[in-house]
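Asker: Sharing input_6.cif (mmCIF, C-alpha atoms) below.
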data_data
#
loop_
_atom_site.group_PDB
_atom_site.id
_atom_site.type_symbol
_atom_site.label_atom_id
_atom_site.label_comp_id
_atom_site.auth_asym_id
_atom_site.auth_seq_id
_atom_site.Cartn_x
_atom_site.Cartn_y
_atom_site.Cartn_z
ATOM 1 C CA MET A 121 -244.543 128.381 -164.004
ATOM 2 C CA ASN A 122 -245.329 125.135 -162.173
ATOM 3 C CA ILE A 123 -242.122 123.241 -161.484
ATOM 4 C CA SER A 124 -242.422 120.093 -159.387
ATOM 5 C CA ILE A 125 -239.917 118.292 -157.185
ATOM 6 C CA ARG A 126 -240.406 115.166 -159.345
ATOM 7 C CA GLN A 127 -239.356 117.114 -162.436
ATOM 8 C CA LEU A 128 -236.207 118.431 -160.764
ATOM 9 C CA ASN A 129 -235.384 114.974 -159.441
ATOM 10 C CA ALA A 130 -235.767 113.511 -162.935
ATOM 11 C CA PHE A 131 -233.503 116.250 -164.340
ATOM 12 C CA ILE A 132 -230.765 115.404 -161.837
ATOM 13 C CA LYS A 133 -231.072 111.628 -162.286
ATOM 14 C CA VAL A 134 -230.913 111.835 -166.084
ATOM 15 C CA ALA A 135 -227.948 114.251 -165.919
ATOM 16 C CA ASP A 136 -226.056 112.020 -163.472
ATOM 17 C CA ASN A 137 -226.678 108.840 -165.457
ATOM 18 C CA GLY A 138 -226.551 110.274 -168.976
ATOM 19 C CA SER A 139 -229.411 107.956 -169.769
ATOM 20 C CA PHE A 140 -233.205 107.920 -169.472
ATOM 21 C CA THR A 141 -233.105 104.161 -169.015
ATOM 22 C CA ARG A 142 -230.774 104.163 -165.986
ATOM 23 C CA ALA A 143 -232.579 107.192 -164.491
ATOM 24 C CA SER A 144 -235.944 105.447 -164.820
ATOM 25 C CA ASP A 145 -234.560 102.363 -163.041
ATOM 26 C CA GLN A 146 -233.374 104.453 -160.085
ATOM 27 C CA MET A 147 -236.676 106.348 -159.887
ATOM 28 C CA HIS A 148 -238.765 103.169 -160.302
ATOM 29 C CA LEU A 149 -240.619 104.750 -163.224
ATOM 30 C CA THR A 150 -240.995 103.862 -166.871
ATOM 31 C CA GLN A 151 -238.635 105.476 -169.353
ATOM 32 C CA SER A 152 -241.532 107.292 -170.971
ATOM 33 C CA ALA A 153 -242.610 108.696 -167.607
ATOM 34 C CA VAL A 154 -239.120 110.098 -166.948
ATOM 35 C CA SER A 155 -238.960 111.488 -170.478
ATOM 36 C CA GLY A 156 -242.353 113.120 -169.886
ATOM 37 C CA LEU A 157 -241.114 114.794 -166.682
ATOM 38 C CA ILE A 158 -238.110 116.260 -168.512
ATOM 39 C CA LYS A 159 -240.322 117.560 -171.321
ATOM 40 C CA GLU A 160 -242.693 119.170 -168.785
ATOM 41 C CA LEU A 161 -239.745 120.840 -167.040
ATOM 42 C CA GLU A 162 -238.303 122.131 -170.320
ATOM 43 C CA SER A 163 -241.726 123.436 -171.320
ATOM 44 C CA ASN A 164 -242.203 125.189 -167.962
ATOM 45 C CA LEU A 165 -238.758 126.808 -168.169
ATOM 46 C CA GLY A 166 -238.882 127.506 -171.894
ATOM 47 C CA VAL A 167 -235.413 126.033 -172.385
ATOM 48 C CA VAL A 168 -233.731 122.854 -173.660
ATOM 49 C CA LEU A 169 -231.934 120.996 -170.875
ATOM 50 C CA PHE A 170 -230.473 118.100 -172.869
ATOM 51 C CA ASP A 171 -228.951 117.799 -176.323
ATOM 52 C CA ARG A 172 -230.289 114.581 -177.803
ATOM 53 C CA THR A 173 -228.886 112.544 -180.698
ATOM 54 C CA THR A 174 -229.569 108.966 -181.718
ATOM 55 C CA ARG A 175 -226.357 107.884 -180.007
ATOM 56 C CA GLN A 176 -225.807 110.347 -177.180
ATOM 57 C CA LEU A 177 -227.612 112.316 -174.484
ATOM 58 C CA SER A 178 -225.788 115.259 -172.903
ATOM 59 C CA LEU A 179 -226.575 118.392 -170.943
ATOM 60 C CA SER A 180 -227.126 121.527 -172.965
ATOM 61 C CA VAL A 181 -225.306 124.743 -172.059
ATOM 62 C CA VAL A 182 -228.400 125.903 -170.159
ATOM 63 C CA GLY A 183 -228.667 122.482 -168.501
ATOM 64 C CA HIS A 184 -225.079 122.793 -167.212
ATOM 65 C CA HIS A 185 -225.921 126.165 -165.609
ATOM 66 C CA LEU A 186 -229.200 125.006 -164.061
ATOM 67 C CA LEU A 187 -228.075 121.626 -162.707
ATOM 68 C CA PRO A 188 -226.324 123.058 -159.584
ATOM 69 C CA GLN A 189 -229.448 125.126 -158.817
ATOM 70 C CA ALA A 190 -231.634 122.037 -159.099
ATOM 71 C CA ARG A 191 -229.341 120.123 -156.727
ATOM 72 C CA ARG A 192 -229.453 123.024 -154.242
ATOM 73 C CA ILE A 193 -233.259 123.153 -154.337
ATOM 74 C CA LEU A 194 -233.588 119.413 -153.695
ATOM 75 C CA ASN A 195 -231.043 119.623 -150.864
ATOM 76 C CA GLU A 196 -233.007 122.464 -149.283
ATOM 77 C CA MET A 197 -236.194 120.435 -149.574
ATOM 78 C CA GLN A 198 -234.500 117.497 -147.882
ATOM 79 C CA LEU A 199 -233.319 119.769 -145.079
ATOM 80 C CA PHE A 200 -236.852 121.154 -144.788
ATOM 81 C CA GLU A 201 -238.282 117.642 -144.472
ATOM 82 C CA ASN A 202 -235.612 116.638 -141.934
ATOM 83 C CA GLU A 203 -236.271 119.761 -139.876
ATOM 84 C CA ALA A 204 -240.020 119.161 -139.881
ATOM 85 C CA SER A 205 -239.476 115.534 -138.914
ATOM 86 C CA SER A 206 -237.136 116.530 -136.069
ATOM 87 C CA LEU A 207 -239.599 119.042 -134.699
ATOM 88 C CA THR A 208 -242.484 116.600 -134.872
ATOM 89 C CA SER A 209 -240.476 113.883 -133.156
ATOM 90 C CA LEU A 210 -239.255 116.381 -130.498
ATOM 91 C CA ALA A 211 -235.661 115.792 -131.534
ATOM 92 C CA GLN A 212 -235.224 119.548 -131.363
ATOM 93 C CA GLY A 213 -237.179 122.753 -130.884
ATOM 94 C CA ASN A 214 -237.400 125.955 -128.900
ATOM 95 C CA VAL A 215 -239.982 127.114 -126.380
ATOM 96 C CA ARG A 216 -240.276 130.783 -125.450
ATOM 97 C CA LEU A 217 -241.789 131.297 -122.007
ATOM 98 C CA ALA A 218 -242.825 134.438 -120.107
ATOM 99 C CA VAL A 219 -243.463 134.204 -116.363
ATOM 100 C CA SER A 220 -244.580 136.650 -113.715
ATOM 101 C CA GLN A 221 -243.036 137.043 -110.263
ATOM 102 C CA PHE A 222 -244.115 133.987 -108.273
ATOM 103 C CA ALA A 223 -244.125 131.665 -111.276
ATOM 104 C CA ALA A 224 -240.600 132.827 -112.111
ATOM 105 C CA SER A 225 -239.362 131.571 -108.750
ATOM 106 C CA SER A 226 -240.406 127.988 -109.443
ATOM 107 C CA MET A 227 -239.792 127.840 -113.187
ATOM 108 C CA PRO A 228 -235.999 127.184 -113.271
ATOM 109 C CA ALA A 229 -236.571 123.907 -111.413
ATOM 110 C CA VAL A 230 -239.298 122.948 -113.882
ATOM 111 C CA ILE A 231 -237.114 123.731 -116.898
ATOM 112 C CA ALA A 232 -234.235 121.720 -115.425
ATOM 113 C CA GLN A 233 -236.489 118.675 -115.044
ATOM 114 C CA PHE A 234 -237.905 119.161 -118.544
ATOM 115 C CA ALA A 235 -234.378 119.230 -119.996
ATOM 116 C CA LYS A 236 -233.715 115.772 -118.549
ATOM 117 C CA HIS A 237 -236.634 114.373 -120.529
ATOM 118 C CA TYR A 238 -236.166 116.491 -123.669
ATOM 119 C CA PRO A 239 -232.463 117.427 -123.850
ATOM 120 C CA ASP A 240 -232.681 118.759 -127.417
ATOM 121 C CA ILE A 241 -235.492 121.228 -126.751
ATOM 122 C CA SER A 242 -234.330 124.606 -125.458
ATOM 123 C CA VAL A 243 -236.546 126.761 -123.237
ATOM 124 C CA SER A 244 -235.914 130.510 -123.067
ATOM 125 C CA LEU A 245 -237.259 132.269 -119.984
ATOM 126 C CA LEU A 246 -238.495 135.871 -119.823
ATOM 127 C CA ASP A 247 -239.431 137.082 -116.326
ATOM 128 C CA CYS A 248 -241.730 140.082 -116.336
ATOM 129 C CA SER A 249 -244.463 141.872 -114.434
ATOM 130 C CA ALA A 250 -247.990 140.488 -114.471
ATOM 131 C CA GLU A 251 -249.085 143.582 -116.394
ATOM 132 C CA ASN A 252 -246.635 142.879 -119.236
ATOM 133 C CA LEU A 253 -247.275 139.147 -119.437
ATOM 134 C CA LEU A 254 -250.199 139.444 -121.835
ATOM 135 C CA LYS A 255 -248.407 141.955 -124.045
ATOM 136 C CA HIS A 256 -245.534 139.551 -124.649
ATOM 137 C CA ILE A 257 -248.046 136.882 -125.678
ATOM 138 C CA GLN A 258 -250.078 139.210 -127.883
ATOM 139 C CA ASP A 259 -246.927 140.435 -129.632
ATOM 140 C CA ILE A 260 -245.914 136.778 -130.219
ATOM 141 C CA GLU A 261 -242.640 137.406 -128.404
ATOM 142 C CA VAL A 262 -243.299 134.229 -126.412
ATOM 143 C CA ASP A 263 -245.252 131.019 -126.969
ATOM 144 C CA LEU A 264 -246.630 130.587 -123.458
ATOM 145 C CA GLY A 265 -247.084 132.679 -120.337
ATOM 146 C CA VAL A 266 -247.408 131.517 -116.736
ATOM 147 C CA GLY A 267 -248.653 133.787 -113.990
ATOM 148 C CA THR A 268 -251.343 134.610 -111.495
ATOM 149 C CA GLU A 269 -254.929 135.377 -112.392
ATOM 150 C CA LEU A 270 -255.257 138.501 -114.514
ATOM 151 C CA GLY A 271 -258.603 140.213 -114.125
ATOM 152 C CA PHE A 272 -258.125 142.528 -117.096
ATOM 153 C CA ILE A 273 -258.255 139.996 -119.962
ATOM 154 C CA ASP A 274 -260.583 141.189 -122.713
ATOM 155 C CA THR A 275 -262.376 138.598 -124.836
ATOM 156 C CA GLU A 276 -261.009 140.407 -127.897
ATOM 157 C CA ASP A 277 -257.416 139.938 -126.742
ATOM 158 C CA ASP A 278 -257.250 136.464 -128.323
ATOM 159 C CA ILE A 279 -255.838 135.081 -125.068
ATOM 160 C CA LYS A 280 -256.644 131.640 -123.703
ATOM 161 C CA ALA A 281 -256.156 131.048 -119.970
ATOM 162 C CA ASP A 282 -256.159 127.581 -118.395
ATOM 163 C CA LEU A 283 -255.789 126.949 -114.680
ATOM 164 C CA LEU A 284 -252.376 125.433 -113.994
ATOM 165 C CA TYR A 285 -252.447 125.165 -110.204
ATOM 166 C CA GLN A 286 -253.592 127.000 -107.109
ATOM 167 C CA LEU A 287 -251.920 127.469 -103.750
ATOM 168 C CA PRO A 288 -253.221 128.509 -100.321
ATOM 169 C CA PHE A 289 -252.010 131.651 -98.589
ATOM 170 C CA CYS A 290 -249.851 130.626 -95.645
ATOM 171 C CA VAL A 291 -248.167 132.272 -92.701
ATOM 172 C CA VAL A 292 -244.531 131.598 -91.829
ATOM 173 C CA ILE A 293 -243.742 131.721 -88.109
ATOM 174 C CA PRO A 294 -240.828 130.757 -85.865
ATOM 175 C CA GLU A 295 -241.278 127.400 -84.158
ATOM 176 C CA ARG A 296 -241.324 129.123 -80.748
ATOM 177 C CA HIS A 297 -243.951 131.687 -81.749
ATOM 178 C CA PRO A 298 -247.227 131.478 -79.745
ATOM 179 C CA LEU A 299 -249.181 130.741 -82.927
ATOM 180 C CA ALA A 300 -247.086 127.606 -83.500
ATOM 181 C CA LYS A 301 -249.021 125.897 -80.701
ATOM 182 C CA LYS A 302 -252.383 126.361 -82.422
ATOM 183 C CA SER A 303 -253.807 123.468 -84.434
ATOM 184 C CA ALA A 304 -255.175 125.932 -87.001
ATOM 185 C CA ILE A 305 -254.195 129.561 -87.611
ATOM 186 C CA THR A 306 -256.833 132.035 -88.772
ATOM 187 C CA TRP A 307 -256.480 135.437 -90.390
ATOM 188 C CA GLN A 308 -257.721 137.021 -87.163
ATOM 189 C CA ASP A 309 -254.760 135.469 -85.317
ATOM 190 C CA LEU A 310 -252.412 137.681 -87.334
ATOM 191 C CA LEU A 311 -253.674 140.834 -85.618
ATOM 192 C CA HIS A 312 -251.443 140.282 -82.610
ATOM 193 C CA SER A 313 -248.090 139.976 -84.420
ATOM 194 C CA PRO A 314 -245.998 142.408 -86.490
ATOM 195 C CA LEU A 315 -246.217 141.520 -90.169
ATOM 196 C CA ILE A 316 -243.669 141.379 -92.973
ATOM 197 C CA THR A 317 -245.254 141.483 -96.438
ATOM 198 C CA LEU A 318 -244.339 141.953 -100.053
ATOM 199 C CA GLN A 319 -245.121 145.231 -101.753
ATOM 200 C CA GLY A 320 -247.276 145.712 -104.832
ATOM 201 C CA PRO A 321 -250.089 143.539 -106.247
ATOM 202 C CA PHE A 322 -249.400 140.813 -103.679
ATOM 203 C CA LEU A 323 -251.108 142.926 -100.998
ATOM 204 C CA GLU A 324 -254.218 143.333 -103.125
ATOM 205 C CA GLN A 325 -254.501 139.586 -103.569
ATOM 206 C CA VAL A 326 -253.997 138.967 -99.864
ATOM 207 C CA THR A 327 -256.537 141.473 -98.573
ATOM 208 C CA ALA A 328 -259.374 140.810 -101.031
ATOM 209 C CA GLU A 329 -262.475 139.566 -99.178
ATOM 210 C CA LEU A 330 -260.859 139.765 -95.732
ATOM 211 C CA ALA A 331 -262.468 141.410 -92.722
ATOM 212 C CA ASP A 332 -261.716 145.135 -92.506
ATOM 213 C CA ASP A 333 -259.513 144.874 -89.407
ATOM 214 C CA VAL A 334 -257.420 142.069 -90.888
ATOM 215 C CA ALA A 335 -257.141 143.807 -94.278
ATOM 216 C CA SER A 336 -256.005 147.000 -92.571
ATOM 217 C CA HIS A 337 -253.415 145.117 -90.513
ATOM 218 C CA VAL A 338 -251.966 143.507 -93.646
ATOM 219 C CA GLN A 339 -251.989 146.730 -95.664
ATOM 220 C CA GLN A 340 -250.249 148.586 -92.834
ATOM 221 C CA ALA A 341 -247.664 145.877 -92.206
ATOM 222 C CA ARG A 342 -244.694 147.034 -90.172
ATOM 223 C CA TYR A 343 -242.245 145.836 -92.832
ATOM 224 C CA LYS A 344 -242.776 145.795 -96.606
ATOM 225 C CA VAL A 345 -240.095 144.236 -98.792
ATOM 226 C CA ASN A 346 -239.597 143.415 -102.454
ATOM 227 C CA PHE A 347 -238.470 139.799 -102.285
ATOM 228 C CA MET A 348 -239.853 136.756 -100.512
ATOM 229 C CA SER A 349 -236.338 135.657 -99.615
ATOM 230 C CA THR A 350 -235.958 138.902 -97.617
ATOM 231 C CA ALA A 351 -239.273 138.375 -95.836
ATOM 232 C CA LEU A 352 -238.346 134.810 -94.882
ATOM 233 C CA GLU A 353 -234.930 135.799 -93.557
ATOM 234 C CA MET A 354 -236.449 138.652 -91.532
ATOM 235 C CA THR A 355 -238.907 136.148 -90.054
ATOM 236 C CA ARG A 356 -236.013 133.870 -89.141
ATOM 237 C CA GLN A 357 -234.274 136.809 -87.463
ATOM 238 C CA GLY A 358 -237.358 137.577 -85.337
ATOM 239 C CA PHE A 359 -238.649 140.787 -86.964
ATOM 240 C CA GLY A 360 -242.163 139.361 -87.222
ATOM 241 C CA ILE A 361 -244.148 136.820 -89.215
ATOM 242 C CA THR A 362 -244.724 136.802 -92.944
ATOM 243 C CA LEU A 363 -247.314 135.741 -95.478
ATOM 244 C CA CYS A 364 -246.206 133.318 -98.146
ATOM 245 C CA LEU A 365 -247.274 130.934 -100.881
ATOM 246 C CA PRO A 366 -245.756 127.433 -100.921
ATOM 247 C CA TYR A 367 -244.674 128.018 -104.497
ATOM 248 C CA MET A 368 -241.529 125.876 -104.424
ATOM 249 C CA PRO A 369 -240.678 122.631 -102.636
ATOM 250 C CA GLU A 370 -237.246 124.133 -101.995
ATOM 251 C CA VAL A 371 -238.832 127.044 -100.091
ATOM 252 C CA ILE A 372 -240.855 124.675 -97.930
ATOM 253 C CA ASP A 373 -237.692 122.687 -97.174
ATOM 254 C CA TRP A 374 -235.767 125.902 -96.352
ATOM 255 C CA VAL A 375 -238.495 127.025 -93.955
ATOM 256 C CA SER A 376 -238.473 123.776 -91.960
ATOM 257 C CA ALA A 377 -234.660 123.576 -91.980
ATOM 258 C CA ASN A 378 -234.362 127.056 -90.439
ATOM 259 C CA GLY A 379 -236.596 126.668 -87.401
ATOM 260 C CA LEU A 380 -239.733 128.026 -89.071
ATOM 261 C CA GLN A 381 -243.187 126.691 -89.830
ATOM 262 C CA MET A 382 -245.315 127.336 -92.904
ATOM 263 C CA ARG A 383 -248.993 126.962 -92.009
ATOM 264 C CA PRO A 384 -252.090 127.524 -94.198
ATOM 265 C CA LEU A 385 -254.415 130.276 -93.052
ATOM 266 C CA ALA A 386 -258.059 129.502 -92.326
ATOM 267 C CA GLN A 387 -261.326 131.399 -92.029
ATOM 268 C CA PRO A 388 -261.313 132.045 -94.916
ATOM 269 C CA ARG A 389 -259.056 129.655 -96.763
ATOM 270 C CA LYS A 390 -257.775 131.850 -99.579
ATOM 271 C CA MET A 391 -256.204 130.406 -102.697
ATOM 272 C CA ARG A 392 -254.079 132.110 -105.304
ATOM 273 C CA GLN A 393 -254.508 130.737 -108.803
ATOM 274 C CA PHE A 394 -251.834 130.398 -111.453
ATOM 275 C CA PHE A 395 -252.706 130.121 -115.122
ATOM 276 C CA ILE A 396 -251.007 129.170 -118.338
ATOM 277 C CA TYR A 397 -251.678 131.718 -121.093
ATOM 278 C CA GLN A 398 -251.399 131.463 -124.877
ATOM 279 C CA ARG A 399 -252.795 132.985 -128.056
ATOM 280 C CA SER A 400 -256.118 131.292 -128.857
ATOM 281 C CA SER A 401 -255.651 131.552 -132.611
ATOM 282 C CA ARG A 402 -252.023 130.423 -132.720
ATOM 283 C CA ALA A 403 -251.101 126.757 -133.115
ATOM 284 C CA LEU A 404 -248.375 125.589 -130.755
ATOM 285 C CA SER A 405 -245.291 123.770 -132.011
ATOM 286 C CA PRO A 406 -244.797 120.133 -130.959
ATOM 287 C CA ALA A 407 -242.001 121.245 -128.609
ATOM 288 C CA THR A 408 -244.257 123.840 -126.964
ATOM 289 C CA ILE A 409 -247.083 121.325 -126.613
ATOM 290 C CA ALA A 410 -244.668 118.914 -124.924
ATOM 291 C CA PHE A 411 -243.530 121.632 -122.506
ATOM 292 C CA ARG A 412 -247.109 122.680 -121.755
ATOM 293 C CA GLU A 413 -248.099 119.120 -120.922
ATOM 294 C CA PHE A 414 -244.950 118.697 -118.819
ATOM 295 C CA LEU A 415 -245.834 121.847 -116.843
ATOM 296 C CA GLN A 416 -249.279 120.493 -116.058
ATOM 297 C CA ARG A 417 -247.906 117.140 -114.897
ATOM 298 C CA TYR A 418 -245.119 118.753 -112.868
ATOM 299 C CA PHE A 419 -247.332 121.079 -110.857
ATOM 300 C CA SER A 420 -249.993 118.425 -110.415
ATOM 301 C CA ASP A 421 -247.366 116.104 -108.916
ATOM 302 C CA HIS A 422 -245.785 118.747 -106.665
ATOM 303 C CA PHE A 423 -248.804 120.721 -105.485
ATOM 304 C CA ASP A 424 -251.667 118.211 -105.569
ATOM 305 C CA ASP A 425 -251.908 117.946 -101.767
ATOM 306 C CA LEU A 426 -251.796 121.724 -101.325
ATOM 307 C CA GLN A 427 -254.626 122.313 -103.809
ATOM 308 C CA GLN A 428 -257.155 120.201 -101.925
#
Show the structure stored in the file as structure tokens.

Answerer:
Amino acid sequence: MNISIRQLNAFIKVADNGSFTRASDQMHLTQSAVSGLIKELESNLGVVLFDRTTRQLSLSVVGHHLLPQARRILNEMQLFENEASSLTSLAQGNVRLAVSQFAASSMPAVIAQFAKHYPDISVSLLDCSAENLLKHIQDIEVDLGVGTELGFIDTEDDIKADLLYQLPFCVVIPERHPLAKKSAITWQDLLHSPLITLQGPFLEQVTAELADDVASHVQQARYKVNFMSTALEMTRQGFGITLCLPYMPEVIDWVSANGLQMRPLAQPRKMRQFFIYQRSSRALSPATIAFREFLQRYFSDHFDDLQQ
């Protein structure tokens, strides 16, 4: 059975007008062309849709039963076309995003800005561990993932990773701390102050490629906490100094407003990279493409100076 939209449209037009002539005028076709479409439809269905006499054309009993179905099919097709058009024009859409710890801290501000430009596109946010980020992408539970570099990506995982931005490791110190007087602060300078650090994978990223004495000092930090907000408040209260990434403009503003300084660490200058992940073999929707491009512009605008 090979029923076409043109055949169904001809069926409805002829039924509504009770005439091949008037139906052909509305469809901008010849009368014979419309008659041919009806005959093709009847042949495909194996039924008679119209009772024809020399004076009158009327729906058959079968035609009466099938007409509402034909209208429903054409309405569904119109809705399908409208939906596709809306998605392509970004009039609506949904983006599913998974983010790991540090990316999650900055993402609400990004989504809020995106909503101002694309108010009809919704973005759902799933915060997760770095280890689970790839699984959510592989299982197609999300469209995009944003997180730090993941060294365990297998080429067979069908995962594409593009650098989104990179940030330098910094130290946060009180304005009256002795290190605040130095023009540049090195990793070796940290050895003389009690440290506050985050627990977990953050320590591994910090200590990679550092001198043994500095790595040991960081790993054996006096205070280890779960949240950066805790580390920053403890620094403000004088418990020690903390390591940080300038991952949000709001954090940088909070630091300076509370009598603290955020200074990049030198010798070596260590950067932490953040990537945007997606399935290589999966085409992105227009809404997701728009969000991906917005992410790249947003972080380029906000972190360009820090990435130099």

Asker: Between A:Ala386, A:Val292, A:Asp282, A:Leu323, single out the one closest to Glu353 (chain A), counting all atoms listed in the file.

Answerer: A:Val292

Asker: Write out as a PyMOL selection string each polymer residue whose atoms come within 12 Å of Leu187 (chain A), counting only C-alpha atoms; drop sequence neighbours fewer than 6 positions from it.

Answerer: chain A and resi 128-136+169-170+179-181+193-194

Asker: Store the residues picked out above in a file with C-alpha atoms, as a short mmCIF file (atom, residue, chain, number, x, y, z; two decimals), keeping the file's coordinate frame.

Answerer:
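And here's result.cif as it stands now:
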data_model
loop_
_atom_site.label_atom_id
_atom_site.label_comp_id
_atom_site.auth_asym_id
_atom_site.auth_seq_id
_atom_site.Cartn_x
_atom_site.Cartn_y
_atom_site.Cartn_z
CA LEU A 128 -236.21 118.43 -160.76
CA ASN A 129 -235.38 114.97 -159.44
CA ALA A 130 -235.77 113.51 -162.94
CA PHE A 131 -233.50 116.25 -164.34
CA ILE A 132 -230.76 115.40 -161.84
CA LYS A 133 -231.07 111.63 -162.29
CA VAL A 134 -230.91 111.84 -166.08
CA ALA A 135 -227.95 114.25 -165.92
CA ASP A 136 -226.06 112.02 -163.47
CA LEU A 169 -231.93 121.00 -170.88
CA PHE A 170 -230.47 118.10 -172.87
CA LEU A 179 -226.58 118.39 -170.94
CA SER A 180 -227.13 121.53 -172.96
CA VAL A 181 -225.31 124.74 -172.06
CA ILE A 193 -233.26 123.15 -154.34
CA LEU A 194 -233.59 119.41 -153.70
#

Asker: I'd like to know which of A:Thr173, A:Ser405, A:Gln357, A:Ser220 is closest to Ile293 (chain A), using only C-alpha atoms.

Answerer: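 Among A:Thr173, A:Ser405, A:Gln357, A:Ser220, it is A:Gln357 that comes nearest to Ile293 (chain A).
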
Asker: Can you work out which one of A:Ala331, A:Leu246, A:Val230, A:Ser225 has the shortest atom-to-atom distance to Phe347 (chain A), counting all atoms listed in the file?

Answerer: A:Ser225

Asker: Would you mind reading off the distance between CA of Val345 (chain A) and CA of Leu318 (chain A), one decimal, in Å?

Answerer: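 Between CA of Val345 (chain A) and CA of Leu318 (chain A) the gap is 5.0 Å.
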
Asker: Set out as JSON lines a contact list for region 248-366 of chain A and region 406-424 of chain A with a cut-off of 8 Å, giving each residue of region 248-366 of chain A that qualifies its closest atom pair and distance in Å to one decimal, counting only C-alpha atoms, ordered by chain and rising residue number.

Answerer:
{"residue": "A:Asp263", "atom": "CA", "partner": "A:Thr408", "partner_atom": "CA", "distance": 7.2}
{"residue": "A:Leu264", "atom": "CA", "partner": "A:Thr408", "partner_atom": "CA", "distance": 8.0}
{"residue": "A:Leu284", "atom": "CA", "partner": "A:Gln416", "partner_atom": "CA", "distance": 6.2}
{"residue": "A:Tyr285", "atom": "CA", "partner": "A:Phe419", "partner_atom": "CA", "distance": 6.6}
{"residue": "A:Leu287", "atom": "CA", "partner": "A:Phe423", "partner_atom": "CA", "distance": 7.6}

Asker: When the PyMOL selection byres ((chain A and resi 154-160) around 7) is applied to the structure above, which residues does it catch, written out as a ChimeraX atom specification?

Answerer: /A:127,130-131,140,144,149-153,161-164

Asker: To test your reading of the syntax: which residues would the PyMOL selection byres ((chain A and resi 389-393) around 6) return for the file shown? Reply as a list in words.

Answerer: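 Evaluating the PyMOL selection byres ((chain A and resi 389-393) around 6) on this file yields Thr268, Glu269, Gln286, Leu287, Pro288, Phe289, Leu385, Ala386, Gln387, Pro388 and Phe394 of chain A.
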
Asker: Please indicate the distance in Å from CA of Thr306 (chain A) to CA of Phe322 (chain A), rounded to one decimal place.

Answerer: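 Spanning CA of Thr306 (chain A) to CA of Phe322 (chain A) is a straight-line distance of 18.8 Å.
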
Asker: Could you tell me which of A:Glu295, A:Asp171, A:Met197, A:Val266 comes closest to Met227 (chain A) if we count all atoms listed in the file?

Answerer: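 Comparing A:Glu295, A:Asp171, A:Met197, A:Val266 against Met227 (chain A), the winner is A:Val266.
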
Asker: Using Å and a single decimal, report how far CA of Leu165 (chain A) sits from CA of Gly183 (chain A).

Answerer: 11.0 Å

Asker: For Glu324 (chain A), please output as a JSON list (two decimals) with C-alpha atoms, in the frame of the given file all residues within 10 Å (counting all atoms listed in the file; exclusion window: fewer than 4 positions along the same chain).

Answerer:
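What ended up in part.json:
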[["chain", "number", "residue", "atom", "x", "y", "z"],
["A", 319, "GLN", "CA", -245.12, 145.23, -101.75],
["A", 320, "GLY", "CA", -247.28, 145.71, -104.83],
["A", 328, "ALA", "CA", -259.37, 140.81, -101.03],
["A", 329, "GLU", "CA", -262.48, 139.57, -99.18],
["A", 335, "ALA", "CA", -257.14, 143.81, -94.28],
["A", 338, "VAL", "CA", -251.97, 143.51, -93.65],
["A", 339, "GLN", "CA", -251.99, 146.73, -95.66]]

Asker: If the PyMOL selection byres ((chain A and resi 210) around 8) were run on this exact file, what residues would it hold? Put them as a ChimeraX atom specification.

Answerer: /A:206-209,211-213,238,240-241,406-407

Asker: May I ask which of the residues A:Lys280, A:Arg356, A:Arg383, A:His184 is the closest one to Ser400 (chain A), counting all atoms listed in the file?

Answerer: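 So, comparing all the options, the nearest one is A:Lys280.
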
Asker: From the options A:Arg126, A:Gln325, A:Ala341, A:Leu253, which residue's atoms come nearest to Met147 (chain A), counting only C-alpha atoms?

Answerer: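 Selected residue with least distance to Met147 (chain A): A:Arg126.
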
Asker: Determine the axis-aligned bounding box of all atoms of region 408-422 of chain A present in the file, pad each side by 6 Å, and express its centre and edge lengths in Å to one decimal place as AutoDock Vina command-line options.

Answerer:
--center_x -246.8 --center_y 120.0 --center_z -116.8 --size_x 18.5 --size_y 19.7 --size_z 32.3

Asker: Within 10 Å of Glu370 (chain A), counting only C-alpha atoms, which residues qualify if same-chain residues fewer than 4 places away don't, as a list in words?

Answerer: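 Residues near the query, excluding close chain neighbours: Ser226, Ala229, Pro366, Trp374 and Val375 of chain A.
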